[in-house]
Amino acid sequence: MILIIGGGCSNSNNSENNAAQTKDSANAGRLATVKERGNLVCGVNGQLPGFSFVDENGEYSGMDVDLCRAVAAALFGDSTKVEFRDLGAQERFVAVQSGEVDLLSRNTTWTLNRDTSVGMEFAPTTFYDGQGLLTTTASNIEKLEDLNGKSVCVLSGTTNEQNLADRMRRLDLNYSPVVFEDVDLLYAAYEQGRCVAATSDRSQLTARRAVLPNPDEHQVLDVVLSKEPLGPLTANGDSRWSDVVKWSTYAMIEAEELGINSQNVDSFAQTKDPEIRRFLGLEGNLGQDMGLPNDFAQKIVKQVGNYGEVYQRNIGEPFKLERGLNALWTNGGLMYSPPFR
């Protein structure tokens, strides 16, 4: 009887242990993998000034790059613990699905198809963009109708390719798409006159125009073909990991709204404001509940900056692009963080 009872207890304990291990394993996921590895592997474009660009010294810069660094700061307290991996438009989703990268931060548009059948989990939008057209001033092209019968350079496998086809079809216009898989090849073809226009997100066109040999000979038309909400993403089915990316992104937006930046963050160490104390991890356990240090937001702001600083450093200052929709909601834009509570 004792043995039966003992055996029953033993089986019960084993079952509970196994259930706990299964739960731990299921909960561990990508977050545990990244922590154990000790660095973040982040997929980026690498060819797009302002978002992710590699200079002659091999140094990465841009808004997408800073998002990767923010997640690393949240995880490790060290924004430099990132390995960047350049990915083309065609290979980016496979890299996420296969686990080659932990996170994709590569000017990628949030669409229904990518969110569902492609199996991606989008974090908050970090840049609200729209598709535009780049032409030479000598071409006298001012609107879509002027492209009837002409050629347009576009990246394959992008929403830009699909949007252009939809819009030209709607207007019953004929055109010849000149398709590339590499951004540099696309703009080289445009410079060589292989197409009369290049189409992509307006921010990208503006950035690439700035580095053309004679920028004043080119113009980004006052035409917007689509909505392009760009942001980081992870693989579906790992909410614990996607939460880390999601709230690391929100931390930069919330910091700007609270008036906390990389220069003044230390001055809030003794603040009595309960909202700021929770946000900076001075009280409560918001970070711990997510598998991060409680002061993860403080480390992001101190090492990378708030959203406004990141925008100004990478987009506003070098390309003179106004915030527009990328301003805080309190200033008429769309940047908004849920409460840190």
# chains A, B, ... in the order shown; residues from 1 in each chain; ligands from 1
call {"tool": "residues_around", "arguments": {"residues": "Asn214 of chain A", "least_positions_apart": "6", "cutoff": "12 Å", "atoms": "only C-alpha atoms", "output": "PDB file with N, CA and C atoms, in the first residue's frame"}}
result
ATOM      1  N   THR A 136      14.497  62.045 -63.318  1.00  0.00           N
ATOM      2  CA  THR A 136      15.393  63.173 -63.590  1.00  0.00           C
ATOM      3  C   THR A 136      14.533  64.401 -63.862  1.00  0.00           C
ATOM      4  N   THR A 137      15.061  65.561 -63.530  1.00  0.00           N
ATOM      5  CA  THR A 137      14.306  66.799 -63.803  1.00  0.00           C
ATOM      6  C   THR A 137      14.169  67.017 -65.303  1.00  0.00           C
ATOM      7  N   GLU A 191      20.614  55.324 -62.853  1.00  0.00           N
ATOM      8  CA  GLU A 191      21.630  56.309 -63.264  1.00  0.00           C
ATOM      9  C   GLU A 191      22.073  56.092 -64.703  1.00  0.00           C
ATOM     10  N   ARG A 208      18.605  58.125 -51.305  1.00  0.00           N
ATOM     11  CA  ARG A 208      19.444  57.747 -52.448  1.00  0.00           C
ATOM     12  C   ARG A 208      19.685  58.929 -53.377  1.00  0.00           C
TER      13      ARG A 208
END
call {"tool": "select_by_dssp", "arguments": {"residues": "segment 90-181 of chain A", "states": "helix (DSSP H, G or I)", "output": "PyMOL selection string"}}
result
chain A and resi 92-97+112-115+137-139+144-147+159-170
call {"tool": "select_by_dssp", "arguments": {"residues": "segment 65-262 of chain A", "states": "strand (DSSP E)", "output": "PyMOL selection string"}}
result
chain A and resi 82-86+103-104+120-122+127-129+131-136+150-155+175-180+197-201+218-220+228-230+233-235
call {"tool": "write_last_selection", "arguments": {"atoms": "C-alpha atoms", "output": "compact mmCIF listing (two decimals), in the first residue's frame"}}
result
# COMPACT_ATOMS: atom_id res chain seq x y z
CA VAL A 82 24.61 42.89 -31.99
CA GLU A 83 25.72 40.92 -35.01
CA PHE A 84 24.27 42.52 -38.13
CA ARG A 85 23.42 40.37 -41.10
CA ASP A 86 22.69 41.98 -44.48
CA LEU A 103 14.96 39.84 -35.44
CA LEU A 104 14.43 41.55 -38.78
CA MET A 120 5.67 37.08 -39.30
CA GLU A 121 4.92 38.95 -36.07
CA PHE A 122 5.22 42.70 -36.50
CA PHE A 127 8.51 54.76 -39.66
CA TYR A 128 5.35 55.71 -41.55
CA ASP A 129 6.28 56.00 -45.19
CA GLN A 131 5.78 54.82 -52.02
CA GLY A 132 7.07 57.46 -54.42
CA LEU A 133 8.85 57.96 -57.72
CA LEU A 134 12.32 59.29 -58.53
CA THR A 135 12.95 60.81 -61.95
CA THR A 136 15.39 63.17 -63.59
CA LYS A 150 7.87 53.94 -70.23
CA SER A 151 10.09 51.81 -67.99
CA VAL A 152 10.28 51.89 -64.18
CA CYS A 153 13.01 50.32 -61.99
CA VAL A 154 11.67 48.46 -58.94
CA LEU A 155 12.84 45.87 -56.41
CA TYR A 175 4.68 50.40 -68.46
CA SER A 176 7.73 48.14 -68.44
CA PRO A 177 8.96 47.11 -64.98
CA VAL A 178 12.75 46.71 -64.81
CA VAL A 179 13.13 44.43 -61.80
CA PHE A 180 16.13 43.95 -59.50
CA ALA A 197 11.89 56.38 -63.07
CA ALA A 198 12.74 54.42 -59.94
CA THR A 199 10.08 53.61 -57.40
CA SER A 200 10.42 52.78 -53.71
CA ASP A 201 9.52 54.24 -50.33
CA HIS A 218 16.83 64.42 -59.88
CA GLN A 219 13.52 64.84 -58.09
CA VAL A 220 11.21 62.79 -55.88
CA GLU A 228 4.09 51.88 -46.12
CA PRO A 229 4.21 51.29 -42.34
CA LEU A 230 7.76 50.05 -41.71
CA LEU A 233 9.42 41.83 -36.92
CA THR A 234 9.98 38.37 -35.51
CA ALA A 235 8.69 34.90 -36.27
call {"tool": "closest_residue", "arguments": {"among": "A:Gln312, A:Asn160, A:Ser139, A:Asn148", "to": "Gly193 of chain A", "atoms": "only C-alpha atoms"}}
result
A:Ser139
call {"tool": "residues_around", "arguments": {"residues": "segment 68-79 of chain A", "least_positions_apart": "5", "cutoff": "10 Å", "atoms": "only C-alpha atoms", "output": "MDAnalysis selection string"}}
result
chainID A and resid 31 34:35 38:44 63 84 103:105 232 244:249 251:252 287 291:306
call {"tool": "atom_distance", "arguments": {"atom1": "atom CA of Arg341 of chain A", "atom2": "atom CA of Glu275 of chain A"}}
result
8.0 Å
call {"tool": "residues_around", "arguments": {"residues": "Met335 of chain A", "least_positions_apart": "3", "cutoff": "12 Å", "atoms": "only C-alpha atoms", "output": "PyMOL selection string"}}
result
chain A and resi 124-128+229+249-257+307-308+311+323-332+338
call {"tool": "write_last_selection", "arguments": {"atoms": "N, CA, C and O atoms", "output": "JSON list (two decimals), in the first residue's frame"}}
result
[["chain", "number", "residue", "atom", "x", "y", "z"],
["A", 124, "PRO", "N", 5.79, 47.32, -33.26],
["A", 124, "PRO", "CA", 5.21, 48.61, -33.65],
["A", 124, "PRO", "C", 5.93, 49.24, -34.83],
["A", 124, "PRO", "O", 7.13, 49.04, -35.03],
["A", 125, "THR", "N", 5.17, 49.99, -35.61],
["A", 125, "THR", "CA", 5.74, 50.72, -36.74],
["A", 125, "THR", "C", 6.74, 51.76, -36.23],
["A", 125, "THR", "O", 6.44, 52.52, -35.31],
["A", 126, "THR", "N", 7.90, 51.78, -36.84],
["A", 126, "THR", "CA", 8.93, 52.76, -36.45],
["A", 126, "THR", "C", 9.07, 53.88, -37.46],
["A", 126, "THR", "O", 9.74, 54.88, -37.19],
["A", 127, "PHE", "N", 8.44, 53.70, -38.65],
["A", 127, "PHE", "CA", 8.51, 54.76, -39.66],
["A", 127, "PHE", "C", 7.31, 54.62, -40.59],
["A", 127, "PHE", "O", 7.14, 53.60, -41.25],
["A", 128, "TYR", "N", 6.49, 55.68, -40.63],
["A", 128, "TYR", "CA", 5.35, 55.71, -41.55],
["A", 128, "TYR", "C", 5.80, 56.35, -42.85],
["A", 128, "TYR", "O", 6.16, 57.52, -42.89],
["A", 229, "PRO", "N", 3.78, 51.31, -43.75],
["A", 229, "PRO", "CA", 4.21, 51.29, -42.34],
["A", 229, "PRO", "C", 5.38, 50.33, -42.15],
["A", 229, "PRO", "O", 5.24, 49.12, -42.34],
["A", 249, "THR", "N", 10.85, 48.74, -28.54],
["A", 249, "THR", "CA", 10.49, 49.79, -29.51],
["A", 249, "THR", "C", 9.63, 50.86, -28.84],
["A", 249, "THR", "O", 9.89, 52.06, -28.99],
["A", 250, "TYR", "N", 8.63, 50.42, -28.09],
["A", 250, "TYR", "CA", 7.76, 51.39, -27.41],
["A", 250, "TYR", "C", 8.55, 52.24, -26.41],
["A", 250, "TYR", "O", 8.20, 53.40, -26.17],
["A", 251, "ALA", "N", 9.59, 51.67, -25.83],
["A", 251, "ALA", "CA", 10.37, 52.41, -24.82],
["A", 251, "ALA", "C", 10.96, 53.69, -25.41],
["A", 251, "ALA", "O", 11.01, 54.73, -24.75],
["A", 252, "MET", "N", 11.41, 53.62, -26.66],
["A", 252, "MET", "CA", 11.99, 54.82, -27.30],
["A", 252, "MET", "C", 10.92, 55.89, -27.52],
["A", 252, "MET", "O", 11.18, 57.09, -27.38],
["A", 253, "ILE", "N", 9.73, 55.45, -27.90],
["A", 253, "ILE", "CA", 8.63, 56.39, -28.15],
["A", 253, "ILE", "C", 8.15, 57.01, -26.84],
["A", 253, "ILE", "O", 7.95, 58.22, -26.72],
["A", 254, "GLU", "N", 7.98, 56.15, -25.82],
["A", 254, "GLU", "CA", 7.51, 56.63, -24.52],
["A", 254, "GLU", "C", 8.51, 57.60, -23.90],
["A", 254, "GLU", "O", 8.11, 58.59, -23.27],
["A", 255, "ALA", "N", 9.80, 57.32, -24.08],
["A", 255, "ALA", "CA", 10.83, 58.20, -23.52],
["A", 255, "ALA", "C", 10.70, 59.61, -24.09],
["A", 255, "ALA", "O", 10.81, 60.60, -23.36],
["A", 256, "GLU", "N", 10.47, 59.69, -25.40],
["A", 256, "GLU", "CA", 10.33, 61.02, -26.00],
["A", 256, "GLU", "C", 9.11, 61.74, -25.43],
["A", 256, "GLU", "O", 9.17, 62.93, -25.11],
["A", 257, "GLU", "N", 8.01, 61.00, -25.27],
["A", 257, "GLU", "CA", 6.80, 61.63, -24.74],
["A", 257, "GLU", "C", 7.00, 62.11, -23.31],
["A", 257, "GLU", "O", 6.46, 63.15, -22.90],
["A", 307, "TYR", "N", 13.05, 58.09, -29.31],
["A", 307, "TYR", "CA", 12.69, 58.00, -30.73],
["A", 307, "TYR", "C", 13.06, 59.29, -31.48],
["A", 307, "TYR", "O", 13.58, 59.24, -32.60],
["A", 308, "GLY", "N", 12.81, 60.43, -30.86],
["A", 308, "GLY", "CA", 13.12, 61.70, -31.51],
["A", 308, "GLY", "C", 14.60, 61.85, -31.79],
["A", 308, "GLY", "O", 15.00, 62.35, -32.85],
["A", 311, "TYR", "N", 15.47, 59.52, -34.70],
["A", 311, "TYR", "CA", 14.98, 60.06, -35.97],
["A", 311, "TYR", "C", 15.88, 61.21, -36.44],
["A", 311, "TYR", "O", 16.30, 61.26, -37.60],
["A", 323, "ARG", "N", 9.29, 65.38, -39.57],
["A", 323, "ARG", "CA", 8.72, 64.21, -38.91],
["A", 323, "ARG", "C", 7.39, 63.79, -39.54],
["A", 323, "ARG", "O", 7.13, 62.59, -39.70],
["A", 324, "GLY", "N", 6.52, 64.72, -39.86],
["A", 324, "GLY", "CA", 5.24, 64.38, -40.47],
["A", 324, "GLY", "C", 4.46, 63.38, -39.63],
["A", 324, "GLY", "O", 4.26, 63.58, -38.43],
["A", 325, "LEU", "N", 4.03, 62.27, -40.25],
["A", 325, "LEU", "CA", 3.29, 61.24, -39.53],
["A", 325, "LEU", "C", 4.15, 60.59, -38.44],
["A", 325, "LEU", "O", 3.61, 59.93, -37.54],
["A", 326, "ASN", "N", 5.45, 60.77, -38.51],
["A", 326, "ASN", "CA", 6.34, 60.15, -37.53],
["A", 326, "ASN", "C", 6.57, 61.02, -36.29],
["A", 326, "ASN", "O", 7.41, 60.68, -35.45],
["A", 327, "ALA", "N", 5.81, 62.10, -36.20],
["A", 327, "ALA", "CA", 5.84, 62.88, -34.96],
["A", 327, "ALA", "C", 5.02, 62.15, -33.89],
["A", 327, "ALA", "O", 4.22, 61.26, -34.17],
["A", 328, "LEU", "N", 5.25, 62.53, -32.62],
["A", 328, "LEU", "CA", 4.43, 61.97, -31.54],
["A", 328, "LEU", "C", 2.96, 62.32, -31.76],
["A", 328, "LEU", "O", 2.64, 63.34, -32.36],
["A", 329, "TRP", "N", 2.08, 61.49, -31.22],
["A", 329, "TRP", "CA", 0.64, 61.76, -31.34],
["A", 329, "TRP", "C", 0.27, 63.10, -30.69],
["A", 329, "TRP", "O", -0.67, 63.76, -31.11],
["A", 330, "THR", "N", 1.05, 63.50, -29.69],
["A", 330, "THR", "CA", 0.79, 64.77, -29.02],
["A", 330, "THR", "C", 1.16, 65.96, -29.90],
["A", 330, "THR", "O", 0.80, 67.10, -29.59],
["A", 331, "ASN", "N", 1.89, 65.68, -30.99],
["A", 331, "ASN", "CA", 2.28, 66.74, -31.92],
["A", 331, "ASN", "C", 1.65, 66.55, -33.29],
["A", 331, "ASN", "O", 2.15, 67.05, -34.29],
["A", 332, "GLY", "N", 0.57, 65.78, -33.36],
["A", 332, "GLY", "CA", -0.14, 65.59, -34.62],
["A", 332, "GLY", "C", 0.32, 64.41, -35.45],
["A", 332, "GLY", "O", -0.17, 64.22, -36.56],
["A", 338, "PRO", "N", 1.54, 52.43, -25.87],
["A", 338, "PRO", "CA", 0.63, 52.06, -24.78],
["A", 338, "PRO", "C", 1.31, 52.36, -23.44],
["A", 338, "PRO", "O", 2.53, 52.49, -23.37]]
call {"tool": "closest_residue", "arguments": {"among": "A:Leu212, A:Val265, A:Leu112, A:Val183", "to": "Ala89 of chain A", "atoms": "only C-alpha atoms"}}
result
A:Val183
call {"tool": "atom_distance", "arguments": {"atom1": "atom CA of Asp243 of chain A", "atom2": "atom CA of Thr108 of chain A"}}
result
18.6 Å
call {"tool": "residues_around", "arguments": {"residues": "Glu142 of chain A", "least_positions_apart": "4", "cutoff": "8 Å", "atoms": "only C-alpha atoms", "output": "ChimeraX atom specification"}}
result
/A:146,221-222
call {"tool": "write_last_selection", "arguments": {"atoms": "all heavy atoms", "output": "compact mmCIF listing (two decimals), in the first residue's frame"}}
result
# COMPACT_ATOMS: atom_id res chain seq x y z
N ASP A 146 2.37 60.32 -66.92
CA ASP A 146 3.51 60.61 -67.79
C ASP A 146 4.40 59.37 -68.00
O ASP A 146 5.30 59.39 -68.84
CB ASP A 146 4.36 61.74 -67.20
CG ASP A 146 3.60 63.05 -67.14
OD1 ASP A 146 2.68 63.24 -67.97
OD2 ASP A 146 3.92 63.88 -66.27
N LEU A 221 9.07 62.83 -56.99
CA LEU A 221 7.80 63.45 -57.38
C LEU A 221 6.84 63.58 -56.21
O LEU A 221 6.90 62.82 -55.24
CB LEU A 221 7.13 62.61 -58.48
CG LEU A 221 7.90 62.43 -59.78
CD1 LEU A 221 7.04 61.66 -60.79
CD2 LEU A 221 8.32 63.76 -60.38
N ASP A 222 5.95 64.54 -56.33
CA ASP A 222 4.93 64.74 -55.30
C ASP A 222 3.78 63.76 -55.53
O ASP A 222 2.63 64.15 -55.72
CB ASP A 222 4.43 66.19 -55.35
CG ASP A 222 3.54 66.52 -54.16
OD1 ASP A 222 3.63 65.80 -53.16
OD2 ASP A 222 2.77 67.48 -54.27
call {"tool": "closest_residue", "arguments": {"among": "A:Ile276, A:Val101, A:Ala207, A:Met168", "to": "Phe51 of chain A", "atoms": "only C-alpha atoms"}}
result
A:Ala207
call {"tool": "atom_distance", "arguments": {"atom1": "atom CA of Thr206 of chain A", "atom2": "atom CA of Thr80 of chain A"}}
result
28.6 Å
call {"tool": "decode", "arguments": {"residues": "segment 205-217 of chain A", "atoms": "all heavy atoms", "output": "mmCIF file, in the first residue's frame"}}
result
data_model
loop_
_atom_site.group_PDB
_atom_site.id
_atom_site.type_symbol
_atom_site.label_atom_id
_atom_site.label_comp_id
_atom_site.auth_asym_id
_atom_site.auth_seq_id
_atom_site.Cartn_x
_atom_site.Cartn_y
_atom_site.Cartn_z
ATOM 1 N N LEU A 205 13.988 56.898 -51.520
ATOM 2 C CA LEU A 205 14.284 57.690 -52.721
ATOM 3 C C LEU A 205 14.995 58.984 -52.345
ATOM 4 O O LEU A 205 15.944 59.406 -53.013
ATOM 5 C CB LEU A 205 12.990 57.995 -53.478
ATOM 6 C CG LEU A 205 12.236 56.781 -54.036
ATOM 7 C CD1 LEU A 205 10.917 57.234 -54.668
ATOM 8 C CD2 LEU A 205 13.077 56.027 -55.061
ATOM 9 N N THR A 206 14.531 59.608 -51.269
ATOM 10 C CA THR A 206 15.152 60.865 -50.818
ATOM 11 C C THR A 206 16.593 60.633 -50.388
ATOM 12 O O THR A 206 17.495 61.419 -50.720
ATOM 13 C CB THR A 206 14.343 61.446 -49.652
ATOM 14 O OG1 THR A 206 13.001 61.687 -50.095
ATOM 15 C CG2 THR A 206 14.950 62.750 -49.166
ATOM 16 N N ALA A 207 16.813 59.537 -49.657
ATOM 17 C CA ALA A 207 18.164 59.226 -49.192
ATOM 18 C C ALA A 207 19.086 58.891 -50.358
ATOM 19 O O ALA A 207 20.235 59.346 -50.407
ATOM 20 C CB ALA A 207 18.108 58.059 -48.205
ATOM 21 N N ARG A 208 18.605 58.125 -51.305
ATOM 22 C CA ARG A 208 19.444 57.747 -52.448
ATOM 23 C C ARG A 208 19.685 58.929 -53.377
ATOM 24 O O ARG A 208 20.750 59.059 -53.968
ATOM 25 C CB ARG A 208 18.786 56.589 -53.212
ATOM 26 C CG ARG A 208 18.659 55.300 -52.432
ATOM 27 C CD ARG A 208 19.983 54.702 -51.989
ATOM 28 N NE ARG A 208 20.878 54.367 -53.054
ATOM 29 C CZ ARG A 208 21.595 53.243 -53.103
ATOM 30 N NH1 ARG A 208 21.496 52.354 -52.123
ATOM 31 N NH2 ARG A 208 22.420 53.016 -54.093
ATOM 32 N N ARG A 209 18.700 59.788 -53.522
ATOM 33 C CA ARG A 209 18.895 60.995 -54.341
ATOM 34 C C ARG A 209 20.041 61.831 -53.781
ATOM 35 O O ARG A 209 20.836 62.395 -54.536
ATOM 36 C CB ARG A 209 17.603 61.823 -54.352
ATOM 37 C CG ARG A 209 17.744 63.179 -55.034
ATOM 38 C CD ARG A 209 16.459 64.000 -54.909
ATOM 39 N NE ARG A 209 16.634 65.339 -55.437
ATOM 40 C CZ ARG A 209 17.107 66.359 -54.718
ATOM 41 N NH1 ARG A 209 17.432 66.180 -53.455
ATOM 42 N NH2 ARG A 209 17.252 67.543 -55.275
ATOM 43 N N ALA A 210 20.129 61.903 -52.455
ATOM 44 C CA ALA A 210 21.155 62.736 -51.816
ATOM 45 C C ALA A 210 22.564 62.263 -52.121
ATOM 46 O O ALA A 210 23.505 63.066 -52.070
ATOM 47 C CB ALA A 210 20.925 62.745 -50.302
ATOM 48 N N VAL A 211 22.746 60.993 -52.446
ATOM 49 C CA VAL A 211 24.096 60.478 -52.701
ATOM 50 C C VAL A 211 24.365 60.277 -54.189
ATOM 51 O O VAL A 211 25.418 59.755 -54.568
ATOM 52 C CB VAL A 211 24.338 59.156 -51.937
ATOM 53 C CG1 VAL A 211 24.264 59.392 -50.437
ATOM 54 C CG2 VAL A 211 23.335 58.083 -52.347
ATOM 55 N N LEU A 212 23.421 60.689 -55.059
ATOM 56 C CA LEU A 212 23.669 60.637 -56.506
ATOM 57 C C LEU A 212 24.707 61.708 -56.859
ATOM 58 O O LEU A 212 24.834 62.725 -56.160
ATOM 59 C CB LEU A 212 22.372 60.882 -57.274
ATOM 60 C CG LEU A 212 21.333 59.761 -57.224
ATOM 61 C CD1 LEU A 212 20.030 60.188 -57.901
ATOM 62 C CD2 LEU A 212 21.876 58.486 -57.873
ATOM 63 N N PRO A 213 25.454 61.539 -57.932
ATOM 64 C CA PRO A 213 26.508 62.510 -58.295
ATOM 65 C C PRO A 213 25.987 63.946 -58.423
ATOM 66 O O PRO A 213 26.645 64.878 -57.997
ATOM 67 C CB PRO A 213 27.012 61.967 -59.634
ATOM 68 C CG PRO A 213 26.731 60.496 -59.575
ATOM 69 C CD PRO A 213 25.449 60.376 -58.822
ATOM 70 N N ASN A 214 24.822 64.141 -59.006
ATOM 71 C CA ASN A 214 24.251 65.477 -59.160
ATOM 72 C C ASN A 214 22.802 65.474 -58.655
ATOM 73 O O ASN A 214 21.858 65.422 -59.459
ATOM 74 C CB ASN A 214 24.300 65.908 -60.624
ATOM 75 C CG ASN A 214 25.722 65.986 -61.153
ATOM 76 O OD1 ASN A 214 26.522 66.795 -60.685
ATOM 77 N ND2 ASN A 214 26.048 65.105 -62.087
ATOM 78 N N PRO A 215 22.609 65.546 -57.348
ATOM 79 C CA PRO A 215 21.254 65.414 -56.784
ATOM 80 C C PRO A 215 20.253 66.401 -57.369
ATOM 81 O O PRO A 215 19.071 66.063 -57.528
ATOM 82 C CB PRO A 215 21.485 65.684 -55.283
ATOM 83 C CG PRO A 215 22.907 65.361 -55.052
ATOM 84 C CD PRO A 215 23.633 65.735 -56.308
ATOM 85 N N ASP A 216 20.695 67.610 -57.700
ATOM 86 C CA ASP A 216 19.754 68.612 -58.209
ATOM 87 C C ASP A 216 19.183 68.247 -59.574
ATOM 88 O O ASP A 216 18.207 68.863 -60.021
ATOM 89 C CB ASP A 216 20.443 69.975 -58.292
ATOM 90 C CG ASP A 216 20.755 70.537 -56.913
ATOM 91 O OD1 ASP A 216 20.129 70.066 -55.944
ATOM 92 O OD2 ASP A 216 21.625 71.424 -56.813
ATOM 93 N N GLU A 217 19.772 67.274 -60.227
ATOM 94 C CA GLU A 217 19.264 66.847 -61.538
ATOM 95 C C GLU A 217 18.186 65.775 -61.392
ATOM 96 O O GLU A 217 17.712 65.236 -62.393
ATOM 97 C CB GLU A 217 20.420 66.323 -62.389
ATOM 98 C CG GLU A 217 21.444 67.400 -62.744
ATOM 99 C CD GLU A 217 22.587 66.860 -63.587
ATOM 100 O OE1 GLU A 217 22.561 65.661 -63.924
ATOM 101 O OE2 GLU A 217 23.505 67.653 -63.895
#
